[in-house]
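Enquirer: Just coords-v4.csv, nothing more (CSV, C-alpha atoms):
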```
chain,number,residue,atom,x,y,z
A,155,MET,CA,-18.1,2.8,-17.0
A,156,ALA,CA,-19.8,1.4,-14.0
A,157,THR,CA,-18.3,-0.1,-10.9
A,158,LEU,CA,-19.4,-3.1,-8.9
A,159,HIS,CA,-18.9,-2.4,-5.2
A,160,THR,CA,-19.0,-5.3,-2.7
A,161,VAL,CA,-19.6,-4.8,1.0
A,162,ASN,CA,-18.9,-7.7,3.4
A,163,LYS,CA,-19.1,-6.1,6.8
A,164,SER,CA,-22.2,-5.5,9.0
A,165,PRO,CA,-23.2,-1.9,8.7
A,166,PHE,CA,-23.8,-1.9,12.5
A,167,MET,CA,-20.2,-2.7,13.2
A,168,THR,CA,-18.4,-0.5,10.7
A,169,GLN,CA,-19.1,2.6,8.6
A,170,THR,CA,-18.1,0.6,5.5
A,171,LEU,CA,-21.6,0.5,3.9
A,172,LEU,CA,-22.1,4.2,4.4
A,173,SER,CA,-18.7,5.0,3.0
A,174,CYS,CA,-19.4,2.8,0.0
A,175,ILE,CA,-22.7,4.5,-0.7
A,176,ASN,CA,-21.1,7.9,-0.5
A,177,HIS,CA,-18.4,6.9,-3.0
A,178,ALA,CA,-20.7,5.1,-5.5
A,179,LYS,CA,-21.6,6.9,-8.8
A,180,ASP,CA,-25.0,6.9,-10.3
A,181,GLY,CA,-25.4,3.7,-12.3
A,182,ASP,CA,-23.0,1.7,-10.1
A,183,ALA,CA,-24.0,-1.6,-8.5
A,184,ILE,CA,-23.6,-2.5,-4.8
A,185,LEU,CA,-23.6,-6.1,-3.8
A,186,MET,CA,-23.9,-6.9,-0.1
A,187,ILE,CA,-22.3,-10.2,0.8
A,188,GLU,CA,-21.4,-12.1,4.0
A,189,ASP,CA,-22.3,-9.9,7.1
A,190,GLY,CA,-22.8,-7.1,4.6
A,191,VAL,CA,-26.3,-8.5,3.8
A,192,TYR,CA,-27.7,-7.0,7.1
A,193,GLY,CA,-27.3,-3.6,5.4
A,194,GLY,CA,-30.2,-4.6,3.0
A,195,MET,CA,-32.7,-5.2,5.7
A,196,ALA,CA,-35.8,-3.1,6.0
A,197,GLY,CA,-36.7,-1.5,9.4
A,198,THR,CA,-33.2,-0.8,10.5
A,199,GLY,CA,-31.5,2.5,11.4
A,200,LEU,CA,-29.9,2.5,8.0
A,201,SER,CA,-32.8,1.5,5.8
A,202,ASP,CA,-33.7,5.0,4.9
A,203,ALA,CA,-30.1,5.7,3.7
A,204,VAL,CA,-30.2,2.6,1.6
A,205,ALA,CA,-33.7,3.3,0.2
A,206,ALA,CA,-32.6,6.8,-0.8
A,207,LYS,CA,-30.0,5.4,-3.1
A,208,ALA,CA,-32.1,2.5,-4.5
A,209,ALA,CA,-33.2,4.4,-7.5
A,210,SER,CA,-29.8,5.7,-8.7
A,211,LEU,CA,-27.8,2.6,-7.8
A,212,ASN,CA,-28.4,-1.1,-8.4
A,213,ILE,CA,-28.3,-2.4,-4.9
A,214,CYS,CA,-28.3,-6.2,-4.4
A,215,VAL,CA,-27.9,-8.7,-1.7
A,216,LEU,CA,-26.4,-12.2,-2.1
A,217,THR,CA,-29.2,-14.8,-1.5
A,218,GLU,CA,-27.0,-17.5,-0.1
A,219,ASP,CA,-25.7,-15.2,2.6
A,220,LEU,CA,-29.2,-14.0,3.4
A,221,GLU,CA,-30.5,-17.5,3.7
A,222,ALA,CA,-27.6,-18.6,5.8
A,223,ARG,CA,-28.6,-15.9,8.3
A,224,GLY,CA,-32.2,-16.9,8.4
A,225,LEU,CA,-33.3,-13.9,6.3
A,226,ASP,CA,-35.2,-13.8,3.1
A,227,ALA,CA,-35.8,-11.4,0.2
A,228,GLY,CA,-39.1,-10.3,1.8
A,229,ARG,CA,-37.2,-8.5,4.6
A,230,LEU,CA,-35.3,-6.3,2.2
A,231,VAL,CA,-35.6,-2.6,1.7
A,232,GLU,CA,-37.8,-1.7,-1.2
A,233,GLY,CA,-35.7,-1.4,-4.4
A,234,VAL,CA,-33.0,-3.8,-3.1
A,235,SER,CA,-33.0,-7.1,-4.9
A,236,ALA,CA,-31.6,-10.5,-4.0
A,237,VAL,CA,-29.3,-12.3,-6.4
A,238,GLY,CA,-27.6,-15.7,-6.4
A,239,TYR,CA,-24.0,-16.6,-7.2
A,240,ASP,CA,-25.0,-16.5,-10.9
A,241,GLY,CA,-26.2,-13.0,-10.4
A,242,PHE,CA,-22.9,-12.1,-8.7
A,243,VAL,CA,-21.0,-13.3,-11.8
A,244,ASP,CA,-23.3,-11.3,-14.1
A,245,LEU,CA,-22.7,-8.2,-12.1
A,246,VAL,CA,-18.9,-8.7,-12.3
A,247,ALA,CA,-19.2,-9.3,-16.1
A,248,GLU,CA,-21.4,-6.3,-16.7
A,249,THR,CA,-19.3,-3.7,-14.9
A,250,ASP,CA,-15.9,-2.3,-15.7
A,251,ARG,CA,-14.2,-2.9,-12.4
A,252,THR,CA,-14.9,-4.3,-9.0
A,253,GLN,CA,-14.1,-2.4,-5.8
A,254,ALA,CA,-14.2,-4.5,-2.6
A,255,TRP,CA,-15.1,-2.5,0.5
A,256,LEU,CA,-13.4,-4.5,3.3
B,38,MET,CA,3.5,1.8,-23.1
B,39,SER,CA,0.1,0.8,-24.4
B,40,ASP,CA,-0.5,-2.0,-21.8
B,41,THR,CA,-0.1,0.3,-18.8
B,42,LYS,CA,-3.1,0.1,-16.6
B,43,LYS,CA,-4.4,2.4,-13.9
B,44,PHE,CA,-4.1,0.9,-10.5
B,45,LEU,CA,-5.7,2.4,-7.4
B,46,TYR,CA,-4.8,1.2,-3.9
B,47,VAL,CA,-7.6,2.2,-1.5
B,48,ASN,CA,-6.5,2.7,2.1
B,49,ARG,CA,-9.3,2.9,4.7
B,50,ARG,CA,-7.7,1.8,7.9
B,51,ALA,CA,-5.6,3.3,10.6
B,52,PRO,CA,-1.9,2.2,10.7
B,53,TYR,CA,-1.1,0.1,13.7
B,54,GLY,CA,-4.3,-1.6,15.0
B,55,THR,CA,-4.3,-4.0,12.1
B,56,ILE,CA,-1.8,-5.2,9.5
B,57,TYR,CA,-3.7,-3.8,6.5
B,58,ALA,CA,-1.9,-0.5,6.2
B,59,LEU,CA,1.6,-2.0,6.2
B,60,GLU,CA,0.5,-4.8,3.9
B,61,SER,CA,-0.9,-2.3,1.5
B,62,LEU,CA,2.3,-0.3,1.4
B,63,GLU,CA,4.4,-3.4,0.8
B,64,VAL,CA,2.1,-4.4,-2.1
B,65,VAL,CA,2.5,-1.0,-3.5
B,66,LEU,CA,6.4,-1.2,-3.3
B,67,ILE,CA,6.5,-4.7,-4.8
B,68,GLY,CA,3.9,-3.8,-7.4
B,69,ALA,CA,5.9,-0.7,-8.5
B,70,ALA,CA,8.3,-3.1,-10.3
B,71,PHE,CA,5.5,-3.6,-12.9
B,72,GLU,CA,5.7,0.0,-13.9
B,73,GLN,CA,1.9,0.7,-14.0
B,74,ASP,CA,0.1,4.0,-13.5
B,75,VAL,CA,-0.3,3.8,-9.7
B,76,SER,CA,-2.3,6.0,-7.4
B,77,LEU,CA,-3.1,5.7,-3.7
B,78,ALA,CA,-6.3,6.8,-2.1
B,79,PHE,CA,-6.6,7.6,1.6
B,80,LEU,CA,-10.1,7.9,3.0
B,81,ASP,CA,-12.0,7.1,6.2
B,82,ASP,CA,-9.5,5.9,8.9
B,83,GLY,CA,-6.9,5.5,6.1
B,84,VAL,CA,-6.0,9.2,6.5
B,85,PHE,CA,-4.5,8.4,9.9
B,86,GLN,CA,-1.7,6.6,8.1
B,87,LEU,CA,-0.2,9.8,6.9
B,88,THR,CA,-0.1,11.8,10.1
B,89,LYS,CA,3.3,13.2,11.0
B,90,GLY,CA,5.2,12.5,14.2
B,91,GLN,CA,4.4,8.8,14.5
B,92,LYS,CA,6.6,7.2,17.1
B,93,THR,CA,6.3,3.4,17.7
B,94,ASP,CA,9.3,2.7,19.9
B,95,GLY,CA,7.0,2.1,22.9
B,96,LEU,CA,5.0,-0.4,20.9
B,97,GLY,CA,8.0,-2.3,19.7
B,98,VAL,CA,6.6,-2.4,16.1
B,99,LYS,CA,8.2,-0.8,13.1
B,100,ASN,CA,7.2,2.8,12.3
B,101,PHE,CA,6.5,2.6,8.6
B,102,SER,CA,5.4,6.1,8.1
B,103,PRO,CA,8.8,7.3,6.8
B,104,THR,CA,8.4,4.7,4.0
B,105,PHE,CA,5.7,6.8,2.4
B,106,ARG,CA,8.4,9.4,1.6
B,107,ALA,CA,10.3,6.8,-0.4
B,108,LEU,CA,7.3,6.2,-2.8
B,109,GLY,CA,8.6,8.9,-5.2
B,110,ASP,CA,11.7,6.8,-5.8
B,111,TYR,CA,9.3,4.1,-7.0
B,112,ASP,CA,7.4,6.5,-9.3
B,113,VAL,CA,4.4,6.5,-7.0
B,114,THR,CA,3.6,10.2,-6.9
B,115,LYS,CA,-0.1,10.4,-6.5
B,116,LEU,CA,-1.4,10.1,-3.0
B,117,TYR,CA,-5.0,11.3,-2.9
B,118,VAL,CA,-6.3,12.2,0.5
B,119,GLU,CA,-10.0,12.8,1.1
B,120,LYS,CA,-10.8,16.2,2.6
B,121,GLU,CA,-14.1,15.1,4.3
B,122,SER,CA,-12.4,12.1,5.9
B,123,LEU,CA,-9.7,14.4,7.4
B,124,GLU,CA,-12.3,16.9,8.7
B,125,GLU,CA,-14.5,14.2,10.2
B,126,ARG,CA,-11.5,13.2,12.2
B,127,GLY,CA,-10.5,16.7,13.3
B,128,LEU,CA,-7.5,16.7,11.0
B,129,SER,CA,-6.2,19.1,8.3
B,130,GLU,CA,-3.4,18.9,5.7
B,131,ALA,CA,-1.1,20.5,8.3
B,132,ASP,CA,-1.4,17.3,10.4
B,133,LEU,CA,0.0,15.2,7.6
B,134,GLN,CA,3.7,14.6,6.9
B,135,GLU,CA,5.2,16.2,3.9
B,136,ILE,CA,5.8,13.7,1.0
B,137,MET,CA,7.7,15.0,-2.0
B,138,TYR,CA,8.8,13.5,-5.3
B,139,GLU,CA,11.3,14.7,-7.9
B,140,ASP,CA,9.6,15.3,-11.3
B,141,GLU,CA,11.8,13.7,-13.9
B,142,ASP,CA,10.0,15.6,-16.7
B,143,ASP,CA,10.4,19.0,-15.0
B,144,ASP,CA,14.1,19.2,-14.3
B,145,TRP,CA,13.8,17.1,-11.2
B,146,GLU,CA,11.8,19.8,-9.4
B,147,GLU,CA,10.5,18.7,-6.0
B,148,LYS,CA,6.7,18.5,-5.9
B,149,PRO,CA,4.2,17.4,-3.3
B,150,SER,CA,2.8,13.8,-3.7
B,151,ILE,CA,-0.1,14.4,-1.4
B,152,ARG,CA,-3.2,15.9,-3.1
B,153,ILE,CA,-6.2,16.8,-1.0
B,154,VAL,CA,-9.4,16.0,-2.9
B,155,SER,CA,-13.0,16.3,-2.1
B,156,ARG,CA,-15.3,13.3,-1.7
B,157,ALA,CA,-16.8,14.1,-5.1
B,158,GLU,CA,-13.4,14.2,-6.7
B,159,MET,CA,-12.5,10.9,-5.0
B,160,VAL,CA,-15.6,9.3,-6.6
B,161,ASP,CA,-14.3,10.3,-10.0
B,162,ILE,CA,-10.8,9.1,-9.3
B,163,MET,CA,-12.1,5.7,-8.2
B,164,SER,CA,-14.3,5.4,-11.3
B,165,ASP,CA,-11.4,6.2,-13.6
B,166,GLN,CA,-9.3,3.1,-12.7
B,167,ASP,CA,-8.7,-0.2,-14.4
B,168,VAL,CA,-8.0,-2.0,-11.2
B,169,VAL,CA,-9.0,-1.1,-7.6
B,170,LEU,CA,-7.3,-2.9,-4.7
B,171,SER,CA,-8.7,-2.3,-1.2
B,172,PHE,CA,-7.0,-2.6,2.1
C,225,MET,CA,21.2,-20.1,15.4
C,226,ALA,CA,24.3,-19.4,13.3
C,227,SER,CA,26.5,-16.4,13.9
C,228,TYR,CA,29.3,-14.3,12.5
C,229,ASP,CA,32.5,-14.0,14.6
C,230,VAL,CA,33.5,-10.3,14.9
C,231,ASN,CA,36.7,-10.0,16.9
C,232,GLY,CA,35.5,-12.7,19.2
C,233,THR,CA,31.9,-11.5,19.5
C,234,ALA,CA,29.1,-13.6,18.1
C,235,VAL,CA,26.6,-11.8,15.9
C,236,GLU,CA,23.5,-13.8,15.1
C,237,HIS,CA,22.2,-14.2,11.6
C,238,ASP,CA,19.4,-16.1,9.9
C,239,GLU,CA,19.7,-19.1,7.6
C,240,GLU,CA,20.5,-16.8,4.6
C,241,GLY,CA,23.1,-14.8,6.4
C,242,TYR,CA,21.1,-11.6,7.2
C,243,ILE,CA,21.8,-10.4,10.7
C,244,THR,CA,19.0,-10.8,13.2
C,245,ASN,CA,19.4,-7.6,15.2
C,246,LEU,CA,20.0,-4.6,12.9
C,247,SER,CA,21.7,-2.7,15.7
C,248,ASP,CA,24.5,-5.3,15.8
C,249,TRP,CA,26.0,-3.8,12.6
C,250,SER,CA,29.5,-2.4,12.5
C,251,LYS,CA,32.1,-1.8,9.8
C,252,ASP,CA,34.1,-4.8,11.2
C,253,LEU,CA,31.0,-6.9,10.9
C,254,ALA,CA,30.4,-5.7,7.3
C,255,GLN,CA,34.0,-6.9,6.5
C,256,VAL,CA,33.3,-10.3,8.1
C,257,ILE,CA,30.0,-10.7,6.1
C,258,ALA,CA,31.9,-9.6,2.9
C,259,ASP,CA,34.6,-12.2,3.5
C,260,ALA,CA,31.9,-14.9,4.0
C,261,GLU,CA,30.4,-13.7,0.6
C,262,ASN,CA,33.8,-13.8,-1.1
C,263,ILE,CA,33.7,-10.0,-1.7
C,264,GLN,CA,36.8,-7.9,-1.6
C,265,MET,CA,35.5,-4.5,-0.3
C,266,THR,CA,36.5,-1.5,-2.4
C,267,ASP,CA,35.5,2.2,-2.1
C,268,GLU,CA,32.7,1.5,-4.5
C,269,HIS,CA,31.4,-1.4,-2.4
C,270,TRP,CA,31.5,0.8,0.7
C,271,ALA,CA,29.7,3.6,-1.1
C,272,VAL,CA,26.8,1.3,-2.0
C,273,VAL,CA,26.7,-0.1,1.6
C,274,ASN,CA,26.7,3.3,3.1
C,275,PHE,CA,24.0,4.5,0.7
C,276,LEU,CA,21.8,1.5,1.7
C,277,ARG,CA,22.3,2.2,5.4
C,278,GLU,CA,21.4,5.9,4.9
C,279,TYR,CA,18.4,5.0,2.8
C,280,TYR,CA,17.2,2.5,5.4
C,281,ASP,CA,17.7,5.0,8.2
C,282,GLU,CA,15.6,7.6,6.4
C,283,TYR,CA,12.8,5.4,4.9
C,284,GLN,CA,12.8,2.2,6.9
C,285,ILE,CA,13.1,0.0,3.8
C,286,ALA,CA,15.9,-1.3,1.7
C,287,PRO,CA,15.4,0.1,-1.8
C,288,ALA,CA,14.6,-2.0,-4.8
C,289,VAL,CA,17.5,-2.6,-7.2
C,290,ARG,CA,16.1,-0.2,-9.7
C,291,VAL,CA,15.9,2.5,-7.1
C,292,LEU,CA,19.4,1.8,-5.8
C,293,ILE,CA,21.0,2.0,-9.2
C,294,LYS,CA,19.2,5.2,-10.0
C,295,ALA,CA,20.4,6.8,-6.8
C,296,ILE,CA,24.0,5.6,-7.2
C,297,LYS,CA,24.0,6.9,-10.8
C,298,LYS,CA,22.9,10.2,-9.5
C,299,SER,CA,25.5,10.4,-6.7
C,300,MET,CA,28.5,8.5,-8.3
C,301,GLY,CA,27.8,8.8,-12.0
C,302,PRO,CA,26.8,6.4,-14.8
C,303,ASP,CA,30.1,4.5,-14.7
C,304,VAL,CA,29.2,3.0,-11.3
C,305,GLY,CA,25.5,3.5,-11.4
C,306,ASN,CA,24.6,0.9,-13.9
C,307,ASN,CA,23.2,-2.6,-13.8
C,308,LYS,CA,26.3,-4.3,-15.1
C,309,TYR,CA,28.8,-2.6,-12.8
C,310,MET,CA,26.6,-3.2,-9.8
C,311,TYR,CA,26.4,-6.9,-10.5
C,312,GLU,CA,30.2,-7.0,-10.9
C,313,LEU,CA,30.5,-5.4,-7.4
C,314,PHE,CA,27.8,-7.8,-6.0
C,315,PRO,CA,27.6,-10.9,-8.2
C,316,TYR,CA,24.6,-12.3,-6.3
C,317,GLY,CA,22.6,-9.2,-6.7
C,318,PRO,CA,23.3,-5.7,-5.6
C,319,ALA,CA,20.2,-5.4,-3.4
C,320,LYS,CA,20.4,-8.8,-1.9
C,321,GLN,CA,24.1,-9.1,-1.2
C,322,ALA,CA,24.8,-5.5,-0.5
C,323,CYS,CA,21.9,-5.4,2.0
C,324,LYS,CA,23.3,-8.4,3.7
C,325,ILE,CA,26.7,-6.6,4.1
C,326,ALA,CA,25.0,-3.4,5.2
C,327,GLY,CA,23.2,-5.3,7.9
C,328,LEU,CA,19.7,-4.6,6.5
C,329,PRO,CA,16.8,-7.0,6.1
C,330,LYS,CA,16.3,-8.6,2.7
C,331,PRO,CA,14.7,-6.0,0.4
C,332,THR,CA,10.9,-6.0,0.1
C,333,GLY,CA,9.9,-8.0,-2.9
C,334,CYS,CA,13.1,-10.0,-3.0
C,335,VAL,CA,12.4,-13.7,-2.8
```
I'd like the structure from this file rewritten - as structure tokens, please.

Expert:
Amino acid sequence: MATLHTVNKSPFMTQTLLSCINHAKDGDAILMIEDGVYGGMAGTGLSDAVAAKAASLNICVLTEDLEARGLDAGRLVEGVSAVGYDGFVDLVAETDRTQAWL
Amino acid sequence: MSDTKKFLYVNRRAPYGTIYALESLEVVLIGAAFEQDVSLAFLDDGVFQLTKGQKTDGLGVKNFSPTFRALGDYDVTKLYVEKESLEERGLSEADLQEIMYEDEDDDWEEKPSIRIVSRAEMVDIMSDQDVVLSF
Amino acid sequence: MASYDVNGTAVEHDEEGYITNLSDWSKDLAQVIADAENIQMTDEHWAVVNFLREYYDEYQIAPAVRVLIKAIKKSMGPDVGNNKYMYELFPYGPAKQACKIAGLPKPTGCV
């Protein structure tokens, strides 16, 4: 009974990513989209918090949103993976519900 | 009814700075016509929606906080409020308005709709739903 | 903008007949709106209108029909508090038409 959480806000503007991480259950997936993708970057003030959850959660970043912002998968926190729109669809299909963190 | 689903409305924003809180409440009221198993979650700034003593005359906008007290009439009787979110904002249950419903199955006894839950309990409530709607 | 004439005073309403300024309401106005709706106001009509006004005052919304009928049933008994009788009182819908006479906005979820 896993949940897919989506986060679309920059973690440097709102607490949304942290709140999401704190409400995700082991085995859940988090997909960062739109400005949310900045939350997946290594070397930020939040990288440690994300890395600490990378083992128990499936944390992903949407490739198209990364690329649009001049970032690539090489800049991501270890354990965070980049997925495309097809991967997004797979995540929705694999989980029991989707919770959008707005 | 076998096709009843569990709906959770997640409220994470304060009441008047944006339209989200009011929109959420309106969707809950309209959605109540579908007679599903509805719960509301209040966490992060969403807990500010339930504070008592709201007075919006000076702003010239509608004070919709009394409308939460009508939810019982719409069979919406589970308002989960996250304890940690309250504490982080210097609030406690005493700062929230009283919201009651009449329990049809218990001789119309008045019962509180607000249930204070821990973050861990909130996680379980969220993962026990068929549909989660965020505002 | 169109208006109702209440003893020589104009009270504005929208294109569907709901008054624009909720504080314009009076019993005389209710009578004028009822006339415009072809409704002969009886004690039962007034009971529904008064209930709606009290509900709005307390909760800041007009109740859904289901909620209205449940509440009328509780206060006035099942002979009045049922779907059929309420539609006899207000043929165009108890929530919609009674709210108009009560000077309230159109109920949430009513299109």

Enquirer: Could you produce a table of the residues of chain B lying within 7 Å of chain A, with the nearest pair of atoms per residue and their separation in Å rounded to one decimal, using all atoms listed in the file, ordered by chain and increasing residue number, as JSON lines?

Expert:
```
{"residue": "B:Val160", "atom": "CA", "partner": "A:His177", "partner_atom": "CA", "distance": 5.2}
{"residue": "B:Ser164", "atom": "CA", "partner": "A:Thr157", "partner_atom": "CA", "distance": 6.8}
{"residue": "B:Asp167", "atom": "CA", "partner": "A:Arg251", "partner_atom": "CA", "distance": 6.4}
{"residue": "B:Val168", "atom": "CA", "partner": "A:Arg251", "partner_atom": "CA", "distance": 6.4}
{"residue": "B:Val169", "atom": "CA", "partner": "A:Gln253", "partner_atom": "CA", "distance": 5.6}
{"residue": "B:Leu170", "atom": "CA", "partner": "A:Gln253", "partner_atom": "CA", "distance": 6.9}
{"residue": "B:Ser171", "atom": "CA", "partner": "A:Ala254", "partner_atom": "CA", "distance": 6.1}
{"residue": "B:Phe172", "atom": "CA", "partner": "A:Leu256", "partner_atom": "CA", "distance": 6.8}
```

Enquirer: Out of C:Gly301, C:Gly241, C:Pro331, C:Gly232, which residue has the shortest atom-to-atom distance to chain B when counting only C-alpha atoms?

Expert: C:Pro331

Enquirer: Which chain B residues are at most 9 Å from chain C (counting only C-alpha atoms), as an MDAnalysis selection string?

Expert: chainID B and resid 63:64 66:68 70 99:107 110:111

Enquirer: Give me, as a list in words, all polymer residues having an atom no more than 9 Å from Phe79 in chain B, counting all atoms listed in the file and skipping those fewer than 6 positions away in the same chain.

Expert: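 Using all atoms listed in the file, the neighbours found are Tyr46, Val47, Asn48, Arg49, Arg50, Phe85, Gln86, Leu87, Leu116, Tyr117, Val118, Glu119 and Ser122 of chain B.
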
Enquirer: Please write the residues from the selection above to a file, keeping C-alpha atoms, as a tab-separated table (two decimals), in the frame of the given file.

Expert:
```tsv
chain	number	residue	atom	x	y	z
B	46	TYR	CA	-4.80	1.20	-3.90
B	47	VAL	CA	-7.60	2.20	-1.50
B	48	ASN	CA	-6.50	2.70	2.10
B	49	ARG	CA	-9.30	2.90	4.70
B	50	ARG	CA	-7.70	1.80	7.90
B	85	PHE	CA	-4.50	8.40	9.90
B	86	GLN	CA	-1.70	6.60	8.10
B	87	LEU	CA	-0.20	9.80	6.90
B	116	LEU	CA	-1.40	10.10	-3.00
B	117	TYR	CA	-5.00	11.30	-2.90
B	118	VAL	CA	-6.30	12.20	0.50
B	119	GLU	CA	-10.00	12.80	1.10
B	122	SER	CA	-12.40	12.10	5.90
```

Enquirer: Quick one: of A:Asp244, A:Glu218, A:Glu188, A:Glu232, who's nearest to Ser201 in chain A, counting only C-alpha atoms?

Expert: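 Nearest to Ser201 in chain A: A:Glu232.
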
Enquirer: Counting only C-alpha atoms, select every polymer residue within 12 Å of (28.3, 5.8, -10.4) as defined in the file's coordinates, and provide the selection as a list in words.

Expert: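 Answer for this query, in the requested form: Asp267, Glu268, His269, Ala271, Val272, Phe275, Leu292, Ile293, Lys294, Ala295, Ile296, Lys297, Lys298, Ser299, Met300, Gly301, Pro302, Asp303, Val304, Gly305, Asn306, Asn307, Lys308, Tyr309, Met310 and Leu313 of chain C.
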
Enquirer: Take CA of Ala222 in chain A and CA of Met186 in chain A and report the distance between them in Å, one decimal.

Expert: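 Those two atoms sit 13.6 Å apart.
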
Enquirer: Given all atoms listed in the file as the basis, pick out the residue of B:Asp40, B:Ala69, B:Val98, B:Asp112 nearest to Gly54 in chain B.

Expert: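 Nearest to Gly54 in chain B: B:Val98.
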
Enquirer: Quick one: everything within 9 Å of range 148-155 of chain B, counting only C-alpha atoms, minus sequence neighbours fewer than 4 positions away in the same chain. Send it as a PyMOL selection string.

Expert: chain B and resi 106+108-109+113-121+130+135-140+159-160

Enquirer: CA of Tyr242 in chain C to CA of Glu312 in chain C: how many Å, to one decimal?

Expert: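 Spanning CA of Tyr242 in chain C to CA of Glu312 in chain C is a straight-line distance of 20.8 Å.
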
Enquirer: To one decimal place in Å, what is the distance between CA of Leu211 in chain A and CA of Gly181 in chain A?

Expert: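 One can read the CA of Leu211 in chain A to CA of Gly181 in chain A distance as 5.2 Å.
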
Enquirer: Which residue gives the smallest distance to Lys330 in chain C among C:Asn274, C:Asp229, C:Ile243, C:Ile263, with only C-alpha atoms counted?

Expert: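 Ranked by minimum distance to Lys330 in chain C, first place goes to C:Ile243.
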
Enquirer: Quick one: residues within 12 Å of Leu225 in chain A, all atoms listed in the file counted, chain neighbours fewer than 4 positions away excluded, as a PDB file with C-alpha atoms, keeping the file's coordinate frame?

Expert:
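As a result, part.pdb now contains:
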```pdb
ATOM      1  CA  ASP A 189     -22.300  -9.900   7.100  1.00  0.00           C
ATOM      2  CA  VAL A 191     -26.300  -8.500   3.800  1.00  0.00           C
ATOM      3  CA  TYR A 192     -27.700  -7.000   7.100  1.00  0.00           C
ATOM      4  CA  GLY A 193     -27.300  -3.600   5.400  1.00  0.00           C
ATOM      5  CA  GLY A 194     -30.200  -4.600   3.000  1.00  0.00           C
ATOM      6  CA  MET A 195     -32.700  -5.200   5.700  1.00  0.00           C
ATOM      7  CA  ALA A 196     -35.800  -3.100   6.000  1.00  0.00           C
ATOM      8  CA  VAL A 215     -27.900  -8.700  -1.700  1.00  0.00           C
ATOM      9  CA  LEU A 216     -26.400 -12.200  -2.100  1.00  0.00           C
ATOM     10  CA  THR A 217     -29.200 -14.800  -1.500  1.00  0.00           C
ATOM     11  CA  GLU A 218     -27.000 -17.500  -0.100  1.00  0.00           C
ATOM     12  CA  ASP A 219     -25.700 -15.200   2.600  1.00  0.00           C
ATOM     13  CA  LEU A 220     -29.200 -14.000   3.400  1.00  0.00           C
ATOM     14  CA  GLU A 221     -30.500 -17.500   3.700  1.00  0.00           C
ATOM     15  CA  ARG A 229     -37.200  -8.500   4.600  1.00  0.00           C
ATOM     16  CA  LEU A 230     -35.300  -6.300   2.200  1.00  0.00           C
ATOM     17  CA  ALA A 236     -31.600 -10.500  -4.000  1.00  0.00           C
TER      18      ALA A 236
END
```

Enquirer: Which one is closest to Val273 in chain C: C:Val256, C:Pro315, C:Leu328, C:Val235? Count all atoms listed in the file.

Expert: C:Leu328
